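Here is the file entry-v7.cif (mmCIF, C-alpha atoms, pLDDT in the B column; chains and numbers go by the auth columns).
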data_work
loop_
_atom_site.group_PDB
_atom_site.id
_atom_site.type_symbol
_atom_site.label_atom_id
_atom_site.label_comp_id
_atom_site.label_asym_id
_atom_site.label_seq_id
_atom_site.Cartn_x
_atom_site.Cartn_y
_atom_site.Cartn_z
_atom_site.B_iso_or_equiv
_atom_site.auth_seq_id
_atom_site.auth_asym_id
ATOM 1 C CA MET A 1 110.707 109.734 77.078 34.00 1460 A
ATOM 2 C CA TRP A 2 108.350 107.713 79.271 31.00 1461 A
ATOM 3 C CA PHE A 3 109.370 106.618 82.796 34.00 1462 A
ATOM 4 C CA SER A 4 107.331 104.673 85.243 33.00 1463 A
ATOM 5 C CA LYS A 5 107.319 105.774 88.863 35.00 1464 A
ATOM 6 C CA LYS A 6 108.865 102.434 89.805 37.00 1465 A
ATOM 7 C CA ASN A 7 111.859 102.874 87.503 38.00 1466 A
ATOM 8 C CA SER A 8 112.503 106.531 88.222 37.00 1467 A
ATOM 9 C CA ASP A 9 112.961 106.114 91.998 39.00 1468 A
ATOM 10 C CA LYS A 10 116.319 104.388 91.735 36.00 1469 A
ATOM 11 C CA PRO A 11 119.295 105.327 89.583 37.00 1470 A
ATOM 12 C CA VAL A 12 120.151 102.851 86.851 38.00 1471 A
ATOM 13 C CA GLY A 13 122.730 100.356 88.052 40.00 1472 A
ATOM 14 C CA SER A 14 122.023 101.055 91.717 40.00 1473 A
ATOM 15 C CA GLY A 15 121.978 97.584 93.239 44.00 1474 A
ATOM 16 C CA VAL A 16 123.174 98.656 96.671 39.00 1475 A
ATOM 17 C CA SER A 17 120.626 98.839 99.458 44.00 1476 A
ATOM 18 C CA VAL A 18 121.083 101.390 102.217 44.00 1477 A
ATOM 19 C CA ASP A 19 120.316 101.052 105.925 45.00 1478 A
ATOM 20 C CA SER A 20 117.791 103.814 106.648 48.00 1479 A
ATOM 21 C CA THR A 21 119.119 104.541 110.153 47.00 1480 A
ATOM 22 C CA THR A 22 122.834 104.774 109.385 45.00 1481 A
ATOM 23 C CA LYS A 23 122.671 105.751 105.700 47.00 1482 A
ATOM 24 C CA ARG A 24 125.449 103.192 105.149 47.00 1483 A
ATOM 25 C CA PRO A 25 125.259 100.398 102.589 49.00 1484 A
ATOM 26 C CA THR A 26 123.640 97.348 104.163 57.00 1485 A
ATOM 27 C CA LYS A 27 126.707 95.221 103.341 59.00 1486 A
ATOM 28 C CA SER A 28 129.021 97.501 105.338 71.00 1487 A
ATOM 29 C CA VAL A 29 126.620 97.485 108.299 68.00 1488 A
ATOM 30 C CA GLY A 30 126.545 93.679 108.167 73.00 1489 A
ATOM 31 C CA ASP A 31 130.334 93.503 107.938 84.00 1490 A
ATOM 32 C CA ALA A 32 130.675 95.800 110.953 86.00 1491 A
ATOM 33 C CA ALA A 33 128.222 93.667 112.943 90.00 1492 A
ATOM 34 C CA GLU A 34 130.121 90.491 112.053 94.00 1493 A
ATOM 35 C CA ALA A 35 133.423 92.105 113.063 93.00 1494 A
ATOM 36 C CA MET A 36 131.916 93.126 116.405 93.00 1495 A
ATOM 37 C CA ALA A 37 130.560 89.617 116.958 96.00 1496 A
ATOM 38 C CA LEU A 38 133.940 88.097 116.069 97.00 1497 A
ATOM 39 C CA VAL A 39 135.724 90.224 118.673 96.00 1498 A
ATOM 40 C CA HIS A 40 133.094 89.300 121.261 96.00 1499 A
ATOM 41 C CA LEU A 41 133.426 85.573 120.561 98.00 1500 A
ATOM 42 C CA ARG A 42 137.239 85.665 120.503 98.00 1501 A
ATOM 43 C CA ASP A 43 137.217 87.486 123.836 97.00 1502 A
ATOM 44 C CA ALA A 44 135.095 84.612 125.164 97.00 1503 A
ATOM 45 C CA GLY A 45 137.742 82.106 124.074 98.00 1504 A
ATOM 46 C CA LEU A 46 136.422 80.837 120.751 98.00 1505 A
ATOM 47 C CA VAL A 47 138.869 80.393 117.874 98.00 1506 A
ATOM 48 C CA PHE A 48 138.073 81.761 114.428 98.00 1507 A
ATOM 49 C CA GLN A 49 137.810 79.190 111.613 98.00 1508 A
ATOM 50 C CA GLU A 50 136.082 80.897 108.684 96.00 1509 A
ATOM 51 C CA ALA A 51 133.792 83.797 107.777 96.00 1510 A
ATOM 52 C CA ASN A 52 130.950 84.090 105.286 95.00 1511 A
ATOM 53 C CA TYR A 53 130.968 80.439 104.231 96.00 1512 A
ATOM 54 C CA ARG A 54 128.569 79.981 101.321 94.00 1513 A
ATOM 55 C CA THR A 55 127.344 76.884 99.586 92.00 1514 A
ATOM 56 C CA PRO A 56 127.833 76.853 95.834 85.00 1515 A
ATOM 57 C CA GLY A 57 124.887 77.595 93.592 78.00 1516 A
ATOM 58 C CA ARG A 58 121.635 79.393 94.124 75.00 1517 A
ATOM 59 C CA GLY A 59 119.264 78.715 96.971 72.00 1518 A
ATOM 60 C CA GLY A 60 121.948 77.496 99.323 79.00 1519 A
ATOM 61 C CA GLY A 61 122.919 79.002 102.597 89.00 1520 A
ATOM 62 C CA GLU A 62 125.542 81.129 104.261 93.00 1521 A
ATOM 63 C CA ILE A 63 127.172 80.974 107.655 96.00 1522 A
ATOM 64 C CA ASP A 64 128.418 84.303 108.987 96.00 1523 A
ATOM 65 C CA LEU A 65 131.118 82.914 111.286 98.00 1524 A
ATOM 66 C CA ILE A 66 132.493 79.469 111.969 98.00 1525 A
ATOM 67 C CA MET A 67 134.321 79.215 115.283 98.00 1526 A
ATOM 68 C CA LYS A 68 135.761 76.463 117.461 98.00 1527 A
ATOM 69 C CA ASP A 69 134.980 76.351 121.162 98.00 1528 A
ATOM 70 C CA LYS A 70 137.517 75.355 123.819 96.00 1529 A
ATOM 71 C CA ASP A 71 136.082 71.810 124.010 97.00 1530 A
ATOM 72 C CA GLY A 72 136.490 71.292 120.237 96.00 1531 A
ATOM 73 C CA THR A 73 132.865 71.995 119.352 97.00 1532 A
ATOM 74 C CA LEU A 74 132.466 73.554 115.930 98.00 1533 A
ATOM 75 C CA VAL A 75 130.184 76.578 116.278 98.00 1534 A
ATOM 76 C CA PHE A 76 128.164 77.918 113.357 98.00 1535 A
ATOM 77 C CA VAL A 77 127.265 81.514 114.156 97.00 1536 A
ATOM 78 C CA GLU A 78 124.515 83.671 112.667 96.00 1537 A
ATOM 79 C CA VAL A 79 124.992 87.385 113.331 95.00 1538 A
ATOM 80 C CA ARG A 80 121.953 89.673 113.312 90.00 1539 A
ATOM 81 C CA GLN A 81 122.001 93.412 113.806 84.00 1540 A
ATOM 82 C CA ARG A 82 119.053 95.750 114.055 74.00 1541 A
ATOM 83 C CA ALA A 83 119.124 99.444 114.857 68.00 1542 A
ATOM 84 C CA SER A 84 115.877 99.310 116.821 57.00 1543 A
ATOM 85 C CA SER A 85 113.754 96.749 118.588 56.00 1544 A
ATOM 86 C CA SER A 86 110.674 97.535 116.518 53.00 1545 A
ATOM 87 C CA HIS A 87 109.307 94.534 114.651 50.00 1546 A
ATOM 88 C CA GLY A 88 110.855 92.211 117.244 53.00 1547 A
ATOM 89 C CA GLY A 89 114.474 93.333 116.973 55.00 1548 A
ATOM 90 C CA ALA A 90 117.399 91.321 115.687 56.00 1549 A
ATOM 91 C CA GLY A 91 116.274 87.953 117.028 59.00 1550 A
ATOM 92 C CA ALA A 92 112.895 88.026 115.327 59.00 1551 A
ATOM 93 C CA SER A 93 114.534 88.094 111.908 65.00 1552 A
ATOM 94 C CA ILE A 94 115.838 84.509 112.115 77.00 1553 A
ATOM 95 C CA SER A 95 112.984 82.585 110.558 84.00 1554 A
ATOM 96 C CA ALA A 96 112.637 78.823 110.184 88.00 1555 A
ATOM 97 C CA VAL A 97 113.635 79.185 106.521 88.00 1556 A
ATOM 98 C CA LYS A 98 116.790 81.078 107.522 89.00 1557 A
ATOM 99 C CA GLN A 99 117.608 78.367 110.050 91.00 1558 A
ATOM 100 C CA GLN A 100 117.159 75.679 107.369 91.00 1559 A
ATOM 101 C CA ARG A 101 119.590 77.497 105.069 92.00 1560 A
ATOM 102 C CA ILE A 102 122.176 77.791 107.844 93.00 1561 A
ATOM 103 C CA VAL A 103 121.814 74.068 108.635 94.00 1562 A
ATOM 104 C CA PHE A 104 122.130 73.255 104.915 93.00 1563 A
ATOM 105 C CA ALA A 105 125.352 75.284 104.694 95.00 1564 A
ATOM 106 C CA ALA A 106 126.691 73.651 107.877 96.00 1565 A
ATOM 107 C CA ARG A 107 126.055 70.178 106.448 94.00 1566 A
ATOM 108 C CA HIS A 108 127.877 71.198 103.288 94.00 1567 A
ATOM 109 C CA TYR A 109 130.812 72.544 105.332 96.00 1568 A
ATOM 110 C CA LEU A 110 130.972 69.340 107.392 96.00 1569 A
ATOM 111 C CA MET A 111 131.477 67.194 104.278 95.00 1570 A
ATOM 112 C CA ARG A 112 135.188 68.054 104.470 93.00 1571 A
ATOM 113 C CA PHE A 113 135.592 66.151 107.758 95.00 1572 A
ATOM 114 C CA LYS A 114 136.292 62.419 107.953 96.00 1573 A
ATOM 115 C CA THR A 115 135.023 62.370 111.535 96.00 1574 A
ATOM 116 C CA LEU A 116 132.291 64.800 112.479 95.00 1575 A
ATOM 117 C CA PRO A 117 133.116 67.074 115.401 95.00 1576 A
ATOM 118 C CA PRO A 118 130.451 68.077 117.909 97.00 1577 A
ATOM 119 C CA CYS A 119 128.551 71.081 116.518 97.00 1578 A
ATOM 120 C CA ARG A 120 126.114 73.728 117.605 97.00 1579 A
ATOM 121 C CA PHE A 121 124.305 76.725 116.167 96.00 1580 A
ATOM 122 C CA ASP A 122 124.754 80.020 117.989 96.00 1581 A
ATOM 123 C CA VAL A 123 123.302 83.440 117.288 95.00 1582 A
ATOM 124 C CA VAL A 124 124.853 86.799 118.134 96.00 1583 A
ATOM 125 C CA LEU A 125 122.280 89.591 118.345 92.00 1584 A
ATOM 126 C CA ILE A 126 123.458 93.175 118.086 90.00 1585 A
ATOM 127 C CA GLN A 127 120.881 95.777 118.999 85.00 1586 A
ATOM 128 C CA GLY A 128 121.529 99.447 118.223 79.00 1587 A
ATOM 129 C CA THR A 129 123.273 101.519 115.604 73.00 1588 A
ATOM 130 C CA LEU A 130 126.862 100.847 114.635 67.00 1589 A
ATOM 131 C CA GLY A 131 128.860 104.024 114.403 66.00 1590 A
ATOM 132 C CA ALA A 132 131.294 106.320 116.079 58.00 1591 A
ATOM 133 C CA GLY A 133 130.428 106.787 119.726 66.00 1592 A
ATOM 134 C CA ASP A 134 127.500 104.355 119.676 69.00 1593 A
ATOM 135 C CA LYS A 135 127.475 101.405 122.059 81.00 1594 A
ATOM 136 C CA PRO A 136 125.091 98.715 120.800 84.00 1595 A
ATOM 137 C CA THR A 137 124.219 95.770 123.025 87.00 1596 A
ATOM 138 C CA ILE A 138 125.473 92.286 122.183 92.00 1597 A
ATOM 139 C CA GLU A 139 123.633 89.142 123.185 92.00 1598 A
ATOM 140 C CA TRP A 140 125.196 85.733 122.498 95.00 1599 A
ATOM 141 C CA LEU A 141 122.713 82.867 122.351 94.00 1600 A
ATOM 142 C CA ARG A 142 124.499 79.523 122.605 96.00 1601 A
ATOM 143 C CA SER A 143 122.724 76.559 121.004 94.00 1602 A
ATOM 144 C CA ALA A 144 120.049 78.932 119.701 92.00 1603 A
ATOM 145 C CA PHE A 145 118.529 76.276 117.436 91.00 1604 A
ATOM 146 C CA ASP A 146 119.066 72.674 116.384 89.00 1605 A
ATOM 147 C CA ALA A 147 119.497 70.987 113.027 83.00 1606 A
ATOM 148 C CA PHE A 148 116.264 69.337 111.942 66.00 1607 A
#
Translate this file's structure into structure tokens.
Amino acid sequence: MWFSKKNSDKPVGSGVSVDSTTKRPTKSVGDAAEAMALVHLRDAGLVFQEANYRTPGRGGGEIDLIMKDKDGTLVFVEVRQRASSSHGGAGASISAVKQQRIVFAARHYLMRFKTLPPCRFDVVLIQGTLGAGDKPTIEWLRSAFDAF
């Protein structure tokens, strides 16, 4: 039987990507980062509203966390985790296209409100590996970008 190099590298049905530093599925690393960010934001006084809000259909956007600040501001939070600072670290991975998708998802989420609350877009950057005994750094960037 003939196999191409491309097809023989990955087992059939293997759609799960793996983080090369932790050897954990990328989804579980992302979930752990979001959980860490949620604890950090709650400790700062924000109130949890929703997690992993997605717009329907393809090509939409996703918001990792939606929180409410003490003054009533609705906060759309993007969480980014990177094991190392090579290639710019966690912050460098939030491109203009990613920002547009987050804004698109936020606009979709806001359609449920009769009166729009004040809103902002925050980013939580987690630098370092997530695992037992590891202590990654967390940086919370308030109003990291604007809707355009």
Specify as an MDAnalysis selection string each residue included when the PyMOL selection byres ((chain A and resi 1576-1585) around 8) is applied to this file.
chainID A and resid 1492 1496 1531:1541 1549:1550 1574:1575 1586:1587 1595:1605
Could you save the residues just selected, with C-alpha atoms, as an mmCIF file, in the coordinates of the input?
data_model
loop_
_atom_site.group_PDB
_atom_site.id
_atom_site.type_symbol
_atom_site.label_atom_id
_atom_site.label_comp_id
_atom_site.auth_asym_id
_atom_site.auth_seq_id
_atom_site.Cartn_x
_atom_site.Cartn_y
_atom_site.Cartn_z
ATOM 1 C CA ALA A 1492 128.222 93.667 112.943
ATOM 2 C CA ALA A 1496 130.560 89.617 116.958
ATOM 3 C CA GLY A 1531 136.490 71.292 120.237
ATOM 4 C CA THR A 1532 132.865 71.995 119.352
ATOM 5 C CA LEU A 1533 132.466 73.554 115.930
ATOM 6 C CA VAL A 1534 130.184 76.578 116.278
ATOM 7 C CA PHE A 1535 128.164 77.918 113.357
ATOM 8 C CA VAL A 1536 127.265 81.514 114.156
ATOM 9 C CA GLU A 1537 124.515 83.671 112.667
ATOM 10 C CA VAL A 1538 124.992 87.385 113.331
ATOM 11 C CA ARG A 1539 121.953 89.673 113.312
ATOM 12 C CA GLN A 1540 122.001 93.412 113.806
ATOM 13 C CA ARG A 1541 119.053 95.750 114.055
ATOM 14 C CA ALA A 1549 117.399 91.321 115.687
ATOM 15 C CA GLY A 1550 116.274 87.953 117.028
ATOM 16 C CA THR A 1574 135.023 62.370 111.535
ATOM 17 C CA LEU A 1575 132.291 64.800 112.479
ATOM 18 C CA GLN A 1586 120.881 95.777 118.999
ATOM 19 C CA GLY A 1587 121.529 99.447 118.223
ATOM 20 C CA PRO A 1595 125.091 98.715 120.800
ATOM 21 C CA THR A 1596 124.219 95.770 123.025
ATOM 22 C CA ILE A 1597 125.473 92.286 122.183
ATOM 23 C CA GLU A 1598 123.633 89.142 123.185
ATOM 24 C CA TRP A 1599 125.196 85.733 122.498
ATOM 25 C CA LEU A 1600 122.713 82.867 122.351
ATOM 26 C CA ARG A 1601 124.499 79.523 122.605
ATOM 27 C CA SER A 1602 122.724 76.559 121.004
ATOM 28 C CA ALA A 1603 120.049 78.932 119.701
ATOM 29 C CA PHE A 1604 118.529 76.276 117.436
ATOM 30 C CA ASP A 1605 119.066 72.674 116.384
#
Name the residues in contact with Leu1497 of chain A at a cut-off of 8 Å, using all atoms listed in the file, excluding same-chain residues fewer than 3 positions from it; report them as a short mmCIF file (atom, residue, chain, number, x, y, z; two decimals) with C-alpha atoms, in the frame of the given file.
data_model
loop_
_atom_site.label_atom_id
_atom_site.label_comp_id
_atom_site.auth_asym_id
_atom_site.auth_seq_id
_atom_site.Cartn_x
_atom_site.Cartn_y
_atom_site.Cartn_z
CA GLU A 1493 130.12 90.49 112.05
CA ALA A 1494 133.42 92.10 113.06
CA LEU A 1500 133.43 85.57 120.56
CA ARG A 1501 137.24 85.66 120.50
CA PHE A 1507 138.07 81.76 114.43
CA LEU A 1524 131.12 82.91 111.29
#
Exercise: residues within 8 Å of coordinate (123.6, 78.7, 106.0), counting all atoms listed in the file, as a PDB file with C-alpha atoms, in the coordinates of the input:
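File part-v6.pdb, as written:
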ATOM      1  CA  TYR A1512     130.968  80.439 104.231  1.00 96.00           C
ATOM      2  CA  ARG A1513     128.569  79.981 101.321  1.00 94.00           C
ATOM      3  CA  THR A1514     127.344  76.884  99.586  1.00 92.00           C
ATOM      4  CA  GLY A1519     121.948  77.496  99.323  1.00 79.00           C
ATOM      5  CA  GLY A1520     122.919  79.002 102.597  1.00 89.00           C
ATOM      6  CA  GLU A1521     125.542  81.129 104.261  1.00 93.00           C
ATOM      7  CA  ILE A1522     127.172  80.974 107.655  1.00 96.00           C
ATOM      8  CA  ASP A1523     128.418  84.303 108.987  1.00 96.00           C
ATOM      9  CA  LYS A1557     116.790  81.078 107.522  1.00 89.00           C
ATOM     10  CA  GLN A1558     117.608  78.367 110.050  1.00 91.00           C
ATOM     11  CA  GLN A1559     117.159  75.679 107.369  1.00 91.00           C
ATOM     12  CA  ARG A1560     119.590  77.497 105.069  1.00 92.00           C
ATOM     13  CA  ILE A1561     122.176  77.791 107.844  1.00 93.00           C
ATOM     14  CA  VAL A1562     121.814  74.068 108.635  1.00 94.00           C
ATOM     15  CA  PHE A1563     122.130  73.255 104.915  1.00 93.00           C
ATOM     16  CA  ALA A1564     125.352  75.284 104.694  1.00 95.00           C
ATOM     17  CA  ALA A1565     126.691  73.651 107.877  1.00 96.00           C
TER      18      ALA A1565
END
So how many Å separate atom CA of Met1570 of chain A and atom CA of Asp1502 of chain A, to one decimal?
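It comes out at 28.8 Å.
If you measure from each of A:Lys1527, A:Glu1509, A:Gly1518, A:Ser1487 to Val1556 of chain A using only C-alpha atoms, the closest one turns out to be A:Gly1518.
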### Pick from A:Asp1530, A:Met1495, A:Lys1594, A:Ile1525, whichever lies nearest to Ala1510 of chain A using all atoms listed in the file
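Smallest separation from Ala1510 of chain A among the options: A:Ile1525.
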With 5 Å added on each side, what axis-aligned box encloses every listed atom of segment 1502-1521 of chain A? Give the centre and edge lengths in Å to one decimal, as JSON.
{"center_x": 129.1, "center_y": 82.2, "center_z": 109.4, "size_x": 29.6, "size_y": 20.6, "size_z": 41.6}
note - atom CA of Arg1566 of chain A and atom CA of Gly1489 of chain A are separated by 23.6 Å
The distance between atom CA of Gly1516 of chain A and atom CA of Ala1555 of chain A is 20.7 Å
Which residue, A:Phe1572, A:Met1526, A:Ile1553, A:Ala1606, has the smallest gap to Val1498 of chain A when you use all atoms listed in the file?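 So, comparing all the options, the nearest one is A:Met1526.
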Is there a way to complete segment 1568-1604 of chain A with N, CA and C atoms and then write that out as a PDB file, keeping the file's coordinate frame?
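Saved to selection27.pdb:
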ATOM      1  N   TYR A1568     129.490  72.283 104.750  1.00 96.00           N
ATOM      2  CA  TYR A1568     130.812  72.544 105.332  1.00 96.00           C
ATOM      3  C   TYR A1568     131.376  71.281 105.981  1.00 96.00           C
ATOM      4  N   LEU A1569     130.530  70.518 106.651  1.00 96.00           N
ATOM      5  CA  LEU A1569     130.972  69.340 107.392  1.00 96.00           C
ATOM      6  C   LEU A1569     131.393  68.184 106.478  1.00 96.00           C
ATOM      7  N   MET A1570     131.080  68.263 105.201  1.00 95.00           N
ATOM      8  CA  MET A1570     131.477  67.194 104.278  1.00 95.00           C
ATOM      9  C   MET A1570     132.991  67.079 104.150  1.00 95.00           C
ATOM     10  N   ARG A1571     133.722  68.098 104.556  1.00 93.00           N
ATOM     11  CA  ARG A1571     135.188  68.054 104.470  1.00 93.00           C
ATOM     12  C   ARG A1571     135.833  67.255 105.596  1.00 93.00           C
ATOM     13  N   PHE A1572     135.057  66.867 106.601  1.00 95.00           N
ATOM     14  CA  PHE A1572     135.592  66.151 107.758  1.00 95.00           C
ATOM     15  C   PHE A1572     135.394  64.642 107.598  1.00 95.00           C
ATOM     16  N   LYS A1573     136.424  63.879 107.938  1.00 96.00           N
ATOM     17  CA  LYS A1573     136.292  62.419 107.953  1.00 96.00           C
ATOM     18  C   LYS A1573     135.473  61.988 109.162  1.00 96.00           C
ATOM     19  N   THR A1574     135.757  62.621 110.298  1.00 96.00           N
ATOM     20  CA  THR A1574     135.023  62.370 111.535  1.00 96.00           C
ATOM     21  C   THR A1574     134.336  63.666 111.935  1.00 96.00           C
ATOM     22  N   LEU A1575     133.035  63.589 112.151  1.00 95.00           N
ATOM     23  CA  LEU A1575     132.291  64.800 112.479  1.00 95.00           C
ATOM     24  C   LEU A1575     132.575  65.260 113.901  1.00 95.00           C
ATOM     25  N   PRO A1576     132.920  66.533 114.046  1.00 95.00           N
ATOM     26  CA  PRO A1576     133.116  67.074 115.401  1.00 95.00           C
ATOM     27  C   PRO A1576     131.748  67.400 116.011  1.00 95.00           C
ATOM     28  N   PRO A1577     131.706  67.575 117.332  1.00 97.00           N
ATOM     29  CA  PRO A1577     130.451  68.077 117.909  1.00 97.00           C
ATOM     30  C   PRO A1577     130.194  69.477 117.350  1.00 97.00           C
ATOM     31  N   CYS A1578     128.924  69.797 117.130  1.00 97.00           N
ATOM     32  CA  CYS A1578     128.551  71.081 116.518  1.00 97.00           C
ATOM     33  C   CYS A1578     127.394  71.716 117.264  1.00 97.00           C
ATOM     34  N   ARG A1579     127.288  73.016 117.094  1.00 97.00           N
ATOM     35  CA  ARG A1579     126.114  73.728 117.605  1.00 97.00           C
ATOM     36  C   ARG A1579     125.898  74.980 116.762  1.00 97.00           C
ATOM     37  N   PHE A1580     124.687  75.523 116.889  1.00 96.00           N
ATOM     38  CA  PHE A1580     124.305  76.725 116.167  1.00 96.00           C
ATOM     39  C   PHE A1580     124.055  77.844 117.167  1.00 96.00           C
ATOM     40  N   ASP A1581     124.884  78.866 117.104  1.00 96.00           N
ATOM     41  CA  ASP A1581     124.754  80.020 117.989  1.00 96.00           C
ATOM     42  C   ASP A1581     124.267  81.223 117.188  1.00 96.00           C
ATOM     43  N   VAL A1582     123.731  82.184 117.894  1.00 95.00           N
ATOM     44  CA  VAL A1582     123.302  83.440 117.288  1.00 95.00           C
ATOM     45  C   VAL A1582     123.873  84.575 118.127  1.00 95.00           C
ATOM     46  N   VAL A1583     124.414  85.585 117.458  1.00 96.00           N
ATOM     47  CA  VAL A1583     124.853  86.799 118.134  1.00 96.00           C
ATOM     48  C   VAL A1583     123.926  87.917 117.671  1.00 96.00           C
ATOM     49  N   LEU A1584     123.219  88.494 118.624  1.00 92.00           N
ATOM     50  CA  LEU A1584     122.280  89.591 118.345  1.00 92.00           C
ATOM     51  C   LEU A1584     122.927  90.907 118.734  1.00 92.00           C
ATOM     52  N   ILE A1585     122.913  91.850 117.821  1.00 90.00           N
ATOM     53  CA  ILE A1585     123.458  93.175 118.086  1.00 90.00           C
ATOM     54  C   ILE A1585     122.323  94.165 117.910  1.00 90.00           C
ATOM     55  N   GLN A1586     122.006  94.838 118.991  1.00 85.00           N
ATOM     56  CA  GLN A1586     120.881  95.777 118.999  1.00 85.00           C
ATOM     57  C   GLN A1586     121.408  97.194 119.147  1.00 85.00           C
ATOM     58  N   GLY A1587     121.094  98.058 118.193  1.00 79.00           N
ATOM     59  CA  GLY A1587     121.529  99.447 118.223  1.00 79.00           C
ATOM     60  C   GLY A1587     122.305  99.804 116.974  1.00 79.00           C
ATOM     61  N   THR A1588     122.550 101.077 116.797  1.00 73.00           N
ATOM     62  CA  THR A1588     123.273 101.519 115.604  1.00 73.00           C
ATOM     63  C   THR A1588     124.764 101.295 115.768  1.00 73.00           C
ATOM     64  N   LEU A1589     125.421 101.067 114.648  1.00 67.00           N
ATOM     65  CA  LEU A1589     126.862 100.847 114.635  1.00 67.00           C
ATOM     66  C   LEU A1589     127.507 102.089 114.054  1.00 67.00           C
ATOM     67  N   GLY A1590     128.207 102.810 114.877  1.00 66.00           N
ATOM     68  CA  GLY A1590     128.860 104.024 114.403  1.00 66.00           C
ATOM     69  C   GLY A1590     129.735 104.602 115.494  1.00 66.00           C
ATOM     70  N   ALA A1591     130.381 105.664 115.140  1.00 58.00           N
ATOM     71  CA  ALA A1591     131.294 106.320 116.079  1.00 58.00           C
ATOM     72  C   ALA A1591     130.542 106.773 117.324  1.00 58.00           C
ATOM     73  N   GLY A1592     131.022 106.354 118.467  1.00 66.00           N
ATOM     74  CA  GLY A1592     130.428 106.787 119.726  1.00 66.00           C
ATOM     75  C   GLY A1592     129.224 105.977 120.172  1.00 66.00           C
ATOM     76  N   ASP A1593     128.669 105.157 119.307  1.00 69.00           N
ATOM     77  CA  ASP A1593     127.500 104.355 119.676  1.00 69.00           C
ATOM     78  C   ASP A1593     127.947 103.075 120.368  1.00 69.00           C
ATOM     79  N   LYS A1594     127.160 102.622 121.316  1.00 81.00           N
ATOM     80  CA  LYS A1594     127.475 101.405 122.059  1.00 81.00           C
ATOM     81  C   LYS A1594     126.284 100.456 121.985  1.00 81.00           C
ATOM     82  N   PRO A1595     126.201  99.664 120.905  1.00 84.00           N
ATOM     83  CA  PRO A1595     125.091  98.715 120.800  1.00 84.00           C
ATOM     84  C   PRO A1595     125.252  97.581 121.809  1.00 84.00           C
ATOM     85  N   THR A1596     124.166  96.911 122.114  1.00 87.00           N
ATOM     86  CA  THR A1596     124.219  95.770 123.025  1.00 87.00           C
ATOM     87  C   THR A1596     124.454  94.495 122.225  1.00 87.00           C
ATOM     88  N   ILE A1597     125.191  93.571 122.817  1.00 92.00           N
ATOM     89  CA  ILE A1597     125.473  92.286 122.183  1.00 92.00           C
ATOM     90  C   ILE A1597     124.919  91.190 123.081  1.00 92.00           C
ATOM     91  N   GLU A1598     124.166  90.290 122.465  1.00 92.00           N
ATOM     92  CA  GLU A1598     123.633  89.142 123.185  1.00 92.00           C
ATOM     93  C   GLU A1598     124.039  87.884 122.421  1.00 92.00           C
ATOM     94  N   TRP A1599     124.715  86.970 123.109  1.00 95.00           N
ATOM     95  CA  TRP A1599     125.196  85.733 122.498  1.00 95.00           C
ATOM     96  C   TRP A1599     124.304  84.593 122.965  1.00 95.00           C
ATOM     97  N   LEU A1600     123.608  83.986 122.039  1.00 94.00           N
ATOM     98  CA  LEU A1600     122.713  82.867 122.351  1.00 94.00           C
ATOM     99  C   LEU A1600     123.389  81.568 121.924  1.00 94.00           C
ATOM    100  N   ARG A1601     123.868  80.805 122.896  1.00 96.00           N
ATOM    101  CA  ARG A1601     124.499  79.523 122.605  1.00 96.00           C
ATOM    102  C   ARG A1601     123.424  78.484 122.339  1.00 96.00           C
ATOM    103  N   SER A1602     123.679  77.608 121.387  1.00 94.00           N
ATOM    104  CA  SER A1602     122.724  76.559 121.004  1.00 94.00           C
ATOM    105  C   SER A1602     121.343  77.165 120.771  1.00 94.00           C
ATOM    106  N   ALA A1603     121.293  78.189 119.943  1.00 92.00           N
ATOM    107  CA  ALA A1603     120.049  78.932 119.701  1.00 92.00           C
ATOM    108  C   ALA A1603     119.002  78.096 118.970  1.00 92.00           C
ATOM    109  N   PHE A1604     119.453  77.174 118.122  1.00 91.00           N
ATOM    110  CA  PHE A1604     118.529  76.276 117.436  1.00 91.00           C
ATOM    111  C   PHE A1604     119.275  74.991 117.086  1.00 91.00           C
TER     112      PHE A1604
END
